[in-house]
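**Student:** final-v6.csv is reproduced in full below (CSV, C-alpha atoms (C1' of nucleotides)).
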chain,number,residue,atom,x,y,z
A,1,MET,CA,-82.2,19.0,10.6
A,2,PRO,CA,-81.3,15.3,10.8
A,3,ASN,CA,-79.6,14.3,13.9
A,4,ASN,CA,-78.1,11.1,12.4
A,5,GLN,CA,-76.1,12.6,9.6
A,6,PHE,CA,-72.7,11.7,11.1
A,7,LYS,CA,-71.3,8.5,12.3
A,8,ARG,CA,-69.7,8.8,15.7
A,9,GLY,CA,-66.0,8.5,14.7
A,10,GLU,CA,-66.3,11.1,11.9
A,11,LEU,CA,-67.9,13.6,14.2
A,12,TYR,CA,-65.1,13.2,16.7
A,13,SER,CA,-62.3,13.7,14.2
A,14,PHE,CA,-63.8,16.8,12.8
A,15,ILE,CA,-64.3,18.4,16.1
A,16,THR,CA,-60.9,17.5,17.7
A,17,GLY,CA,-58.9,18.3,14.6
A,18,LYS,CA,-56.4,15.5,15.0
A,19,ALA,CA,-54.8,16.1,11.6
A,20,SER,CA,-53.9,19.7,12.3
A,21,THR,CA,-52.8,18.7,15.8
A,22,ALA,CA,-50.5,16.1,14.3
A,23,ILE,CA,-49.0,18.6,11.8
A,24,ALA,CA,-48.4,21.1,14.6
A,25,ARG,CA,-46.7,18.5,16.8
A,26,ARG,CA,-44.5,17.4,14.0
A,27,LEU,CA,-43.4,20.9,13.2
A,28,GLN,CA,-42.8,21.7,16.8
A,29,LYS,CA,-40.5,18.6,17.0
A,30,LYS,CA,-38.6,19.9,14.0
A,31,PHE,CA,-38.2,23.3,15.6
A,32,ASN,CA,-36.9,21.6,18.8
A,33,THR,CA,-34.5,19.4,16.9
A,34,ALA,CA,-33.2,22.5,15.1
A,35,ALA,CA,-32.9,24.2,18.4
A,36,LEU,CA,-35.1,27.1,17.2
A,37,ASN,CA,-36.5,27.6,20.7
A,38,LEU,CA,-39.8,28.7,19.3
A,39,THR,CA,-43.4,27.5,19.9
A,40,ILE,CA,-45.8,27.0,17.0
A,41,GLU,CA,-47.9,29.7,18.3
A,42,GLN,CA,-45.0,32.2,18.4
A,43,TRP,CA,-44.1,31.1,14.9
A,44,SER,CA,-47.6,31.7,13.7
A,45,VAL,CA,-47.3,35.4,14.9
A,46,LEU,CA,-43.9,35.8,13.2
A,47,TYR,CA,-45.4,34.3,10.1
A,48,HIS,CA,-47.7,37.2,9.7
A,49,LEU,CA,-45.0,39.8,10.6
A,50,TRP,CA,-42.8,38.3,7.9
A,51,LYS,CA,-45.6,39.0,5.4
A,52,GLN,CA,-46.0,42.5,6.8
A,53,ASP,CA,-43.9,44.0,9.5
A,54,GLY,CA,-45.1,46.7,11.9
A,55,ILE,CA,-48.8,45.8,12.2
A,56,SER,CA,-50.9,46.3,15.3
A,57,GLN,CA,-51.8,43.7,17.9
A,58,GLN,CA,-55.4,43.9,16.8
A,59,GLU,CA,-54.3,43.1,13.3
A,60,LEU,CA,-52.4,40.1,14.6
A,61,CYS,CA,-55.6,39.0,16.4
A,62,ASN,CA,-57.5,39.0,13.1
A,63,ALA,CA,-54.7,37.4,11.2
A,64,THR,CA,-54.1,34.6,13.7
A,65,PHE,CA,-57.7,34.0,14.8
A,66,ARG,CA,-56.8,34.7,18.4
A,67,ASP,CA,-58.3,37.0,21.0
A,68,LYS,CA,-56.6,40.1,22.4
A,69,PRO,CA,-55.3,38.6,25.6
A,70,SER,CA,-53.7,35.7,23.7
A,71,ILE,CA,-51.8,38.1,21.5
A,72,THR,CA,-50.8,40.3,24.4
A,73,ARG,CA,-49.1,37.3,26.0
A,74,LEU,CA,-47.6,35.9,22.8
A,75,VAL,CA,-46.1,39.4,22.1
A,76,ASP,CA,-44.9,39.5,25.7
A,77,ASN,CA,-43.0,36.2,25.2
A,78,LEU,CA,-41.7,37.2,21.8
A,79,GLU,CA,-40.4,40.4,23.3
A,80,LYS,CA,-38.6,38.4,26.1
A,81,LEU,CA,-37.0,36.3,23.3
A,82,ASP,CA,-35.9,39.4,21.6
A,83,LEU,CA,-37.9,38.5,18.5
A,84,VAL,CA,-40.2,41.5,18.3
A,85,LYS,CA,-40.5,45.0,19.7
A,86,ARG,CA,-43.7,47.0,20.6
A,87,ILE,CA,-43.6,50.6,19.4
A,88,ALA,CA,-46.4,52.9,20.2
A,89,SER,CA,-48.1,54.5,17.2
A,90,LYS,CA,-47.7,58.2,16.9
A,91,GLU,CA,-51.0,58.7,15.2
A,92,ASP,CA,-53.0,56.7,17.8
A,93,ARG,CA,-51.5,56.2,21.1
A,94,ARG,CA,-53.8,53.2,21.9
A,95,ILE,CA,-52.0,51.2,19.3
A,96,ASN,CA,-48.9,49.1,19.6
A,97,MET,CA,-47.1,48.5,16.3
A,98,ILE,CA,-45.2,45.2,16.4
A,99,PHE,CA,-41.8,45.1,14.7
A,100,LEU,CA,-39.5,42.2,14.0
A,101,THR,CA,-36.0,42.3,15.4
A,102,PRO,CA,-33.0,41.3,13.2
A,103,ARG,CA,-32.9,38.0,15.2
A,104,ALA,CA,-36.5,37.2,14.0
A,105,GLN,CA,-35.7,38.1,10.4
A,106,GLN,CA,-33.0,35.5,10.5
A,107,LEU,CA,-35.4,32.8,11.5
A,108,GLN,CA,-37.7,33.2,8.5
A,109,ASP,CA,-36.1,31.0,5.9
A,110,GLN,CA,-35.2,28.1,8.2
A,111,SER,CA,-38.6,27.9,10.0
A,112,MET,CA,-40.6,28.3,6.8
A,113,GLY,CA,-38.5,25.5,5.2
A,114,LEU,CA,-39.3,23.2,8.1
A,115,ALA,CA,-43.0,24.1,7.8
A,116,THR,CA,-43.0,23.3,4.1
A,117,GLU,CA,-41.1,20.1,4.8
A,118,THR,CA,-43.7,19.1,7.4
A,119,LEU,CA,-46.6,19.7,5.0
A,120,ASN,CA,-44.8,17.7,2.3
A,121,GLU,CA,-44.5,14.8,4.7
A,122,ALA,CA,-48.2,15.1,5.8
A,123,LEU,CA,-49.5,15.3,2.2
A,124,LYS,CA,-47.0,13.3,0.3
A,125,THR,CA,-49.4,10.5,-0.6
A,126,VAL,CA,-52.4,12.7,-1.4
A,127,PRO,CA,-53.3,13.7,-5.0
A,128,GLU,CA,-53.2,17.4,-5.7
A,129,GLU,CA,-56.9,17.7,-6.5
A,130,GLN,CA,-57.9,16.0,-3.2
A,131,ILE,CA,-55.8,18.5,-1.4
A,132,GLU,CA,-57.6,21.3,-3.1
A,133,ILE,CA,-61.0,19.9,-2.3
A,134,CYS,CA,-60.0,19.4,1.4
A,135,LYS,CA,-58.7,22.9,1.6
A,136,SER,CA,-61.9,24.3,0.1
A,137,VAL,CA,-64.1,22.3,2.5
A,138,LEU,CA,-62.1,23.5,5.5
A,139,GLN,CA,-62.5,27.1,4.3
A,140,ILE,CA,-66.2,26.7,3.9
A,141,VAL,CA,-66.5,25.2,7.4
A,142,TYR,CA,-64.6,28.2,8.7
A,143,ASP,CA,-66.8,30.7,6.8
A,144,ASN,CA,-70.0,28.9,7.9
A,145,LEU,CA,-69.1,29.3,11.6
A,146,LYS,CA,-67.2,32.6,11.6
B,1,MET,CA,-38.3,17.5,-2.0
B,2,PRO,CA,-39.7,20.7,-3.6
B,3,ASN,CA,-39.8,23.7,-1.2
B,4,ASN,CA,-42.3,25.6,-3.2
B,5,GLN,CA,-45.2,23.2,-3.3
B,6,PHE,CA,-47.4,25.3,-1.1
B,7,LYS,CA,-48.6,28.8,-1.3
B,8,ARG,CA,-48.2,30.7,2.0
B,9,GLY,CA,-51.8,31.0,3.0
B,10,GLU,CA,-52.5,27.3,2.4
B,11,LEU,CA,-49.6,26.3,4.5
B,12,TYR,CA,-50.8,28.4,7.4
B,13,SER,CA,-54.3,27.1,7.5
B,14,PHE,CA,-53.3,23.5,7.4
B,15,ILE,CA,-50.9,23.9,10.3
B,16,THR,CA,-53.1,26.1,12.5
B,17,GLY,CA,-56.3,24.1,11.9
B,18,LYS,CA,-58.6,27.1,11.9
B,19,ALA,CA,-61.6,25.0,10.7
B,20,SER,CA,-61.5,22.6,13.6
B,21,THR,CA,-60.8,25.4,16.0
B,22,ALA,CA,-63.9,27.2,14.7
B,23,ILE,CA,-66.0,24.0,15.2
B,24,ALA,CA,-64.7,23.5,18.7
B,25,ARG,CA,-65.4,27.1,19.7
B,26,ARG,CA,-69.0,26.9,18.3
B,27,LEU,CA,-69.6,23.7,20.2
B,28,GLN,CA,-68.2,25.2,23.4
B,29,LYS,CA,-70.6,28.2,23.0
B,30,LYS,CA,-73.5,25.8,22.7
B,31,PHE,CA,-72.4,24.0,25.8
B,32,ASN,CA,-72.2,27.3,27.7
B,33,THR,CA,-75.6,28.4,26.4
B,34,ALA,CA,-77.1,25.1,27.5
B,35,ALA,CA,-75.4,25.6,30.9
B,36,LEU,CA,-73.7,22.2,30.5
B,37,ASN,CA,-70.6,23.4,32.4
B,38,LEU,CA,-68.3,21.2,30.3
B,39,THR,CA,-65.2,22.0,28.3
B,40,ILE,CA,-64.8,20.5,24.8
B,41,GLU,CA,-61.8,18.6,26.2
B,42,GLN,CA,-63.8,17.1,29.0
B,43,TRP,CA,-66.5,16.2,26.6
B,44,SER,CA,-64.0,14.4,24.3
B,45,VAL,CA,-63.1,12.2,27.2
B,46,LEU,CA,-66.7,11.5,28.1
B,47,TYR,CA,-67.3,10.8,24.4
B,48,HIS,CA,-65.1,7.7,24.6
B,49,LEU,CA,-66.5,6.6,27.9
B,50,TRP,CA,-70.0,6.7,26.5
B,51,LYS,CA,-68.7,4.3,23.8
B,52,GLN,CA,-67.1,2.1,26.4
B,53,ASP,CA,-67.3,2.7,30.1
B,54,GLY,CA,-64.6,1.5,32.5
B,55,ILE,CA,-61.5,1.9,30.4
B,56,SER,CA,-58.0,2.8,31.7
B,57,GLN,CA,-56.4,6.2,31.6
B,58,GLN,CA,-53.9,4.8,29.1
B,59,GLU,CA,-56.7,3.7,26.8
B,60,LEU,CA,-58.1,7.2,27.1
B,61,CYS,CA,-54.7,8.6,26.1
B,62,ASN,CA,-54.8,6.5,22.9
B,63,ALA,CA,-58.4,7.3,22.1
B,64,THR,CA,-58.1,11.0,22.6
B,65,PHE,CA,-54.5,11.5,21.2
B,66,ARG,CA,-53.4,13.0,24.5
B,67,ASP,CA,-50.4,12.3,26.6
B,68,LYS,CA,-50.7,10.9,30.1
B,69,PRO,CA,-50.4,14.1,32.1
B,70,SER,CA,-53.2,15.6,30.1
B,71,ILE,CA,-55.5,12.7,30.8
B,72,THR,CA,-54.5,12.7,34.5
B,73,ARG,CA,-55.6,16.3,34.8
B,74,LEU,CA,-58.7,15.9,32.7
B,75,VAL,CA,-59.8,13.0,34.8
B,76,ASP,CA,-59.0,15.0,38.0
B,77,ASN,CA,-61.3,17.8,36.8
B,78,LEU,CA,-64.0,15.3,35.7
B,79,GLU,CA,-63.9,13.7,39.1
B,80,LYS,CA,-64.3,17.2,40.8
B,81,LEU,CA,-67.4,17.7,38.6
B,82,ASP,CA,-68.7,14.3,39.7
B,83,LEU,CA,-68.7,13.0,36.2
B,84,VAL,CA,-66.3,10.1,36.5
B,85,LYS,CA,-64.8,7.9,39.2
B,86,ARG,CA,-61.3,6.3,39.3
B,87,ILE,CA,-61.4,2.7,40.4
B,88,ALA,CA,-58.2,0.8,40.8
B,89,SER,CA,-58.1,-2.4,38.8
B,90,LYS,CA,-57.9,-5.6,40.8
B,91,GLU,CA,-55.9,-7.5,38.3
B,92,ASP,CA,-53.2,-4.8,37.8
B,93,ARG,CA,-52.9,-2.3,40.6
B,94,ARG,CA,-51.1,0.2,38.4
B,95,ILE,CA,-54.3,0.7,36.4
B,96,ASN,CA,-57.1,3.1,37.1
B,97,MET,CA,-60.4,2.1,35.4
B,98,ILE,CA,-62.5,5.2,34.7
B,99,PHE,CA,-66.2,4.9,35.2
B,100,LEU,CA,-69.0,7.3,34.3
B,101,THR,CA,-71.3,8.6,37.1
B,102,PRO,CA,-75.1,8.7,36.6
B,103,ARG,CA,-74.7,12.4,36.2
B,104,ALA,CA,-72.4,11.9,33.2
B,105,GLN,CA,-74.7,9.3,31.7
B,106,GLN,CA,-77.4,12.0,31.6
B,107,LEU,CA,-75.2,14.4,29.6
B,108,GLN,CA,-74.8,12.1,26.6
B,109,ASP,CA,-77.9,12.7,24.5
B,110,GLN,CA,-77.9,16.5,25.0
B,111,SER,CA,-74.2,17.0,24.3
B,112,MET,CA,-74.1,14.6,21.4
B,113,GLY,CA,-77.1,16.4,19.9
B,114,LEU,CA,-75.3,19.7,20.2
B,115,ALA,CA,-72.2,18.3,18.6
B,116,THR,CA,-74.2,16.9,15.6
B,117,GLU,CA,-76.0,20.2,15.3
B,118,THR,CA,-72.6,22.0,15.2
B,119,LEU,CA,-71.3,19.8,12.5
B,120,ASN,CA,-74.5,20.2,10.5
B,121,GLU,CA,-74.0,24.0,10.7
B,122,ALA,CA,-70.4,23.7,9.7
B,123,LEU,CA,-71.0,21.4,6.7
B,124,LYS,CA,-74.4,22.5,5.6
B,125,THR,CA,-73.3,23.9,2.3
B,126,VAL,CA,-70.8,21.2,1.5
B,127,PRO,CA,-71.7,18.3,-0.9
B,128,GLU,CA,-71.5,14.9,0.7
B,129,GLU,CA,-68.8,13.5,-1.6
B,130,GLN,CA,-66.5,16.5,-0.8
B,131,ILE,CA,-66.9,15.8,2.9
B,132,GLU,CA,-65.8,12.2,2.3
B,133,ILE,CA,-62.7,13.3,0.4
B,134,CYS,CA,-61.9,15.9,3.1
B,135,LYS,CA,-62.2,13.3,5.8
B,136,SER,CA,-60.0,10.8,3.9
B,137,VAL,CA,-57.3,13.5,3.3
B,138,LEU,CA,-57.3,14.4,7.0
B,139,GLN,CA,-57.0,10.7,8.0
B,140,ILE,CA,-54.1,10.2,5.6
B,141,VAL,CA,-52.4,13.3,7.0
B,142,TYR,CA,-52.8,11.8,10.5
B,143,ASP,CA,-51.5,8.4,9.4
B,144,ASN,CA,-48.5,9.9,7.6
B,145,LEU,CA,-47.4,11.7,10.7
B,146,LYS,CA,-48.3,9.3,13.4
C,1,DG,C1',-66.1,71.8,25.5
C,2,DG,C1',-68.0,67.7,27.7
C,3,DC,C1',-69.9,63.3,28.0
C,4,DA,C1',-71.1,58.7,26.1
C,5,DT,C1',-69.3,55.2,23.3
C,6,DA,C1',-66.1,52.6,20.9
C,7,DT,C1',-61.5,50.8,20.3
C,8,DA,C1',-56.6,49.0,21.8
C,9,DG,C1',-54.5,46.8,24.9
C,10,DT,C1',-53.6,44.6,29.8
C,11,DT,C1',-54.5,41.8,33.9
C,12,DA,C1',-56.5,38.0,36.6
C,13,DG,C1',-58.4,33.4,36.9
C,14,DT,C1',-59.4,28.8,35.1
C,15,DT,C1',-58.5,25.0,31.9
C,16,DA,C1',-55.5,22.6,29.1
C,17,DA,C1',-51.1,20.9,26.4
C,18,DG,C1',-46.2,19.3,26.3
C,19,DC,C1',-41.9,17.9,28.5
C,20,DA,C1',-39.1,15.9,32.1
C,21,DA,C1',-38.7,13.7,36.3
C,22,DC,C1',-40.8,11.0,39.5
C,23,DT,C1',-43.4,6.7,42.2
C,24,DA,C1',-45.6,2.3,42.1
C,25,DT,C1',-46.4,-1.9,40.1
C,26,DT,C1',-45.6,-5.7,37.0
C,27,DC,C1',-42.9,-8.7,34.2
C,28,DA,C1',-39.1,-11.2,32.6
C,29,DA,C1',-34.5,-13.0,32.6
C,30,DA,C1',-30.4,-14.5,34.9
D,1,DT,C1',-35.5,-14.9,43.7
D,2,DT,C1',-33.8,-10.9,42.8
D,3,DT,C1',-32.7,-7.5,39.7
D,4,DG,C1',-33.5,-4.7,35.7
D,5,DA,C1',-36.7,-3.1,32.3
D,6,DA,C1',-41.3,-1.8,31.0
D,7,DT,C1',-45.8,0.1,32.0
D,8,DA,C1',-49.4,3.1,34.5
D,9,DG,C1',-50.0,7.1,36.5
D,10,DT,C1',-48.7,11.6,39.0
D,11,DT,C1',-46.4,16.1,39.7
D,12,DG,C1',-43.9,20.3,38.5
D,13,DC,C1',-42.9,23.8,35.2
D,14,DT,C1',-43.8,26.5,31.1
D,15,DT,C1',-46.7,28.1,27.3
D,16,DA,C1',-51.2,29.1,25.6
D,17,DA,C1',-56.5,29.7,25.3
D,18,DC,C1',-61.0,31.9,26.8
D,19,DT,C1',-63.8,34.9,29.7
D,20,DA,C1',-64.5,38.9,32.3
D,21,DA,C1',-63.1,43.0,34.1
D,22,DC,C1',-60.1,46.7,33.8
D,23,DT,C1',-57.2,51.2,31.9
D,24,DA,C1',-56.2,54.4,28.4
D,25,DT,C1',-57.0,56.7,24.3
D,26,DA,C1',-59.9,58.3,20.6
D,27,DT,C1',-64.3,59.7,18.4
D,28,DG,C1',-68.7,61.6,17.8
D,29,DC,C1',-72.7,63.9,19.2
D,30,DC,C1',-75.1,67.5,21.9
So that I can check it, write out the structure of this file as structure tokens.

**Tutor:**
Amino acid sequence: MPNNQFKRGELYSFITGKASTAIARRLQKKFNTAALNLTIEQWSVLYHLWKQDGISQQELCNATFRDKPSITRLVDNLEKLDLVKRIASKEDRRINMIFLTPRAQQLQDQSMGLATETLNEALKTVPEEQIEICKSVLQIVYDNLK
Amino acid sequence: MPNNQFKRGELYSFITGKASTAIARRLQKKFNTAALNLTIEQWSVLYHLWKQDGISQQELCNATFRDKPSITRLVDNLEKLDLVKRIASKEDRRINMIFLTPRAQQLQDQSMGLATETLNEALKTVPEEQIEICKSVLQIVYDNLK
DNA sequence: GGCATATAGTTAGTTAAGCAACTATTCAAA
DNA sequence: TTTGAATAGTTGCTTAACTAACTATATGCC
């Protein structure tokens, strides 16, 4: 396998993910400006609960690509913020089912709007077909390493 | 601005950067397996010092897209590992110039080889021209938000 | 039934990021 | 020349990530 396939700067950008970092920072700023009092990581958990409420912590791990301790603490903090509740499953008492509170349900439209707005700003000058190619490359990268 | 330009899954991947996260995790595992005792973040600082030794902490902030406290603490930890030294500038005593130790100079070839190897694994099934398009899109995203 | 194994989640310890507030030094303008 | 602003770096606080070790529950095999 050739060791000189990448020029240095390219290598660095791919590994450090400065584009996605920039997107996350911009979205966090919008959250702060809107006084949402929500981190991007917390939002990423709510994101999956808005799709499907009442899933287990393990399912949140899979959905958000995080390990179990990370989800434990994110759920801890979301509980403190009165955004989710842990409810023990009756069929399997090892499992916590995570449910949105009414407070969290209210955040969906506003925060998803800000996320869409951020992506529109990030991609406003990029042709649609290049976005598709970029997405597919990133998906392949993820699949290759998973 | 249209609020429905992105499907949900696409939005999420762009914001959370799961591809670059996967690359960083894979590289970290290679570092650990090779007993390099180095975090990806520490490596990213050394990366710029290998290009140019003896730059200031502020220049490291710009190069690595980190804020000043982050660099302060990364340099703290790199000093503890005997990988860099802070040397106060004689022209401007506010400035710390950061210099690689011989120990850090020895890490360059091995760690850069592992980084290249990781990218080759990540991108092995992706045509060259799609990699170029992906890179350019990510650069535009960064520029749009900077 | 009982024991080994797997699974769900938690806790502890280290590293790192972001923000705000702070010190020290330099520079520039009155 | 002194005073105010800008710059370089540090510290404290909170949130989050990863690893390893842990508890509790469930499952499956004998």

**Student:** Based on all atoms listed in the file, which of the residues in chain D come within 10 Å of chain A? I want them as a count of residues only.

**Tutor:** 7

**Student:** Check the smallest atom-to-atom distance from each of A:Ile40, A:Leu114, A:Leu27, A:Ile140 to B:Val126 using only C-alpha atoms, then report the winner.

**Tutor:**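 Ranking A:Ile40, A:Leu114, A:Leu27, A:Ile140 by distance to B:Val126, first place goes to A:Ile140.
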
**Student:** Smallest atom-to-atom distance to chain B: which of A:Thr64, A:Ser20, A:Ser13, A:Gln58, using only C-alpha atoms?

**Tutor:**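 Once distances to chain B are computed over only C-alpha atoms, the minimum belongs to A:Ser20.
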
**Student:** With the cut-off set at 9 Å and counting all atoms listed in the file, tabulate each residue of stretch 4-27 of chain D with an atom at most that distance from an atom of stretch 23-28 of chain C, showing the nearest atom pair and its distance in Å to one decimal, ordered by chain and increasing number, as CSV.

**Tutor:**
residue,atom,partner,partner_atom,distance
D:DA5,C1',C:DA28,C1',8.5
D:DA6,C1',C:DC27,C1',7.8
D:DT7,C1',C:DT26,C1',7.7
D:DA8,C1',C:DT25,C1',8.1
D:DG9,C1',C:DA24,C1',8.6
D:DT10,C1',C:DT23,C1',7.9

**Student:** Can you provide chain B as a tab-separated table (two decimals) with C-alpha atoms, in the coordinates of the input, superposed onto chain A by least squares across all C-alpha atoms matched in order?

**Tutor:**
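What follows is the written file selection-v7.tsv:
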chain	number	residue	atom	x	y	z
B	1	MET	CA	-82.23	19.16	10.80
B	2	PRO	CA	-81.33	15.42	10.76
B	3	ASN	CA	-79.53	14.24	13.94
B	4	ASN	CA	-78.12	11.18	12.37
B	5	GLN	CA	-76.11	12.62	9.53
B	6	PHE	CA	-72.79	11.72	11.03
B	7	LYS	CA	-71.30	8.54	12.20
B	8	ARG	CA	-69.65	8.83	15.64
B	9	GLY	CA	-66.05	8.53	14.65
B	10	GLU	CA	-66.37	11.14	11.88
B	11	LEU	CA	-67.92	13.58	14.21
B	12	TYR	CA	-65.09	13.23	16.68
B	13	SER	CA	-62.29	13.78	14.27
B	14	PHE	CA	-63.78	16.85	12.75
B	15	ILE	CA	-64.28	18.49	16.12
B	16	THR	CA	-60.94	17.52	17.68
B	17	GLY	CA	-58.87	18.31	14.57
B	18	LYS	CA	-56.43	15.46	15.04
B	19	ALA	CA	-54.84	16.04	11.57
B	20	SER	CA	-53.85	19.60	12.26
B	21	THR	CA	-52.77	18.72	15.74
B	22	ALA	CA	-50.51	16.02	14.28
B	23	ILE	CA	-49.00	18.58	11.81
B	24	ALA	CA	-48.41	21.11	14.54
B	25	ARG	CA	-46.72	18.57	16.81
B	26	ARG	CA	-44.42	17.38	13.94
B	27	LEU	CA	-43.47	20.95	13.17
B	28	GLN	CA	-42.79	21.68	16.83
B	29	LYS	CA	-40.47	18.60	16.98
B	30	LYS	CA	-38.56	19.93	14.01
B	31	PHE	CA	-38.21	23.28	15.66
B	32	ASN	CA	-36.88	21.63	18.83
B	33	THR	CA	-34.48	19.46	16.83
B	34	ALA	CA	-33.19	22.52	15.01
B	35	ALA	CA	-32.83	24.24	18.42
B	36	LEU	CA	-35.03	27.10	17.17
B	37	ASN	CA	-36.49	27.66	20.66
B	38	LEU	CA	-39.86	28.71	19.22
B	39	THR	CA	-43.37	27.48	19.89
B	40	ILE	CA	-45.73	26.87	16.94
B	41	GLU	CA	-47.87	29.70	18.36
B	42	GLN	CA	-45.01	32.12	18.40
B	43	TRP	CA	-44.09	31.11	14.94
B	44	SER	CA	-47.66	31.75	13.69
B	45	VAL	CA	-47.32	35.29	14.89
B	46	LEU	CA	-43.93	35.76	13.28
B	47	TYR	CA	-45.41	34.22	10.12
B	48	HIS	CA	-47.68	37.25	9.69
B	49	LEU	CA	-45.01	39.71	10.59
B	50	TRP	CA	-42.74	38.29	7.93
B	51	LYS	CA	-45.60	39.01	5.48
B	52	GLN	CA	-46.00	42.50	6.83
B	53	ASP	CA	-43.86	43.99	9.53
B	54	GLY	CA	-45.12	46.73	11.85
B	55	ILE	CA	-48.74	45.77	12.23
B	56	SER	CA	-50.90	46.31	15.37
B	57	GLN	CA	-51.74	43.73	17.96
B	58	GLN	CA	-55.36	43.93	16.79
B	59	GLU	CA	-54.33	43.13	13.24
B	60	LEU	CA	-52.42	40.18	14.63
B	61	CYS	CA	-55.58	39.04	16.45
B	62	ASN	CA	-57.46	39.02	13.11
B	63	ALA	CA	-54.69	37.33	11.19
B	64	THR	CA	-54.08	34.60	13.69
B	65	PHE	CA	-57.75	34.03	14.85
B	66	ARG	CA	-56.76	34.77	18.43
B	67	ASP	CA	-58.35	36.98	20.97
B	68	LYS	CA	-56.55	39.99	22.40
B	69	PRO	CA	-55.27	38.49	25.63
B	70	SER	CA	-53.67	35.71	23.69
B	71	ILE	CA	-51.84	38.09	21.42
B	72	THR	CA	-50.81	40.27	24.40
B	73	ARG	CA	-49.14	37.29	26.00
B	74	LEU	CA	-47.64	35.96	22.81
B	75	VAL	CA	-46.13	39.31	22.08
B	76	ASP	CA	-44.85	39.54	25.71
B	77	ASN	CA	-43.05	36.20	25.27
B	78	LEU	CA	-41.74	37.21	21.80
B	79	GLU	CA	-40.36	40.39	23.26
B	80	LYS	CA	-38.59	38.37	26.10
B	81	LEU	CA	-37.00	36.25	23.33
B	82	ASP	CA	-35.90	39.43	21.55
B	83	LEU	CA	-37.89	38.60	18.51
B	84	VAL	CA	-40.24	41.54	18.34
B	85	LYS	CA	-40.50	45.07	19.71
B	86	ARG	CA	-43.68	47.02	20.68
B	87	ILE	CA	-43.63	50.56	19.41
B	88	ALA	CA	-46.45	52.88	20.26
B	89	SER	CA	-48.07	54.44	17.24
B	90	LYS	CA	-47.75	58.19	16.93
B	91	GLU	CA	-51.03	58.73	15.24
B	92	ASP	CA	-53.12	56.68	17.74
B	93	ARG	CA	-51.54	56.19	21.13
B	94	ARG	CA	-53.77	53.24	21.93
B	95	ILE	CA	-51.99	51.21	19.24
B	96	ASN	CA	-48.88	49.15	19.60
B	97	MET	CA	-47.11	48.51	16.24
B	98	ILE	CA	-45.18	45.23	16.40
B	99	PHE	CA	-41.84	45.13	14.70
B	100	LEU	CA	-39.53	42.20	13.98
B	101	THR	CA	-35.95	42.28	15.40
B	102	PRO	CA	-32.97	41.29	13.19
B	103	ARG	CA	-32.91	38.10	15.14
B	104	ALA	CA	-36.46	37.26	14.03
B	105	GLN	CA	-35.70	38.20	10.44
B	106	GLN	CA	-33.02	35.48	10.48
B	107	LEU	CA	-35.50	32.78	11.56
B	108	GLN	CA	-37.74	33.11	8.51
B	109	ASP	CA	-36.08	30.96	5.86
B	110	GLN	CA	-35.20	28.10	8.26
B	111	SER	CA	-38.60	27.93	9.94
B	112	MET	CA	-40.55	28.34	6.74
B	113	GLY	CA	-38.48	25.55	5.20
B	114	LEU	CA	-39.31	23.29	8.11
B	115	ALA	CA	-42.97	24.09	7.84
B	116	THR	CA	-43.03	23.28	4.06
B	117	GLU	CA	-41.11	20.10	4.74
B	118	THR	CA	-43.75	19.13	7.38
B	119	LEU	CA	-46.58	19.69	5.03
B	120	ASN	CA	-44.82	17.74	2.29
B	121	GLU	CA	-44.51	14.80	4.75
B	122	ALA	CA	-48.12	15.10	5.74
B	123	LEU	CA	-49.51	15.27	2.18
B	124	LYS	CA	-47.01	13.20	0.32
B	125	THR	CA	-49.38	10.44	-0.57
B	126	VAL	CA	-52.34	12.64	-1.31
B	127	PRO	CA	-53.28	13.57	-4.95
B	128	GLU	CA	-53.19	17.27	-5.63
B	129	GLU	CA	-56.87	17.62	-6.56
B	130	GLN	CA	-57.92	15.96	-3.23
B	131	ILE	CA	-55.82	18.49	-1.34
B	132	GLU	CA	-57.65	21.30	-3.14
B	133	ILE	CA	-61.06	19.88	-2.24
B	134	CYS	CA	-59.94	19.34	1.38
B	135	LYS	CA	-58.74	22.90	1.62
B	136	SER	CA	-61.98	24.29	0.11
B	137	VAL	CA	-64.12	22.19	2.54
B	138	LEU	CA	-62.10	23.46	5.51
B	139	GLN	CA	-62.46	27.09	4.32
B	140	ILE	CA	-66.21	26.68	3.91
B	141	VAL	CA	-66.43	25.17	7.39
B	142	TYR	CA	-64.56	28.24	8.71
B	143	ASP	CA	-66.78	30.66	6.79
B	144	ASN	CA	-69.98	28.94	7.92
B	145	LEU	CA	-69.05	29.33	11.53
B	146	LYS	CA	-67.31	32.62	11.57

**Student:** Taking all atoms listed in the file into account, find every residue of chain A that has an atom no more than 9 Å from chain B, and write it out as a ChimeraX atom specification.

**Tutor:** /A:1-6,10-24,26-27,40-41,44,47,64-65,113,115-126,130-131,133-146

**Student:** Rank nothing, just name the residue among A:Gln52, A:Gln57, A:Asn37, A:Val45 nearest to chain C, using all atoms listed in the file.

**Tutor:** A:Gln57

**Student:** Please indicate the distance in Å from atom CA of A:Lys68 to atom CA of B:Asn32, rounded to one decimal place.

**Tutor:**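 Going from atom CA of A:Lys68 over to atom CA of B:Asn32 covers 20.9 Å.
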
**Student:** Which chain C residues are at most 10 Å from chain A (counting all atoms listed in the file), as a PDB file with C-alpha atoms (C1' of nucleotides), keeping the file's coordinate frame?

**Tutor:**
ATOM      1  C1'  DT C   7     -61.500  50.800  20.300  1.00  0.00           C
ATOM      2  C1'  DA C   8     -56.600  49.000  21.800  1.00  0.00           C
ATOM      3  C1'  DG C   9     -54.500  46.800  24.900  1.00  0.00           C
ATOM      4  C1'  DT C  10     -53.600  44.600  29.800  1.00  0.00           C
ATOM      5  C1'  DT C  11     -54.500  41.800  33.900  1.00  0.00           C
ATOM      6  C1'  DG C  18     -46.200  19.300  26.300  1.00  0.00           C
TER       7       DG C  18
END
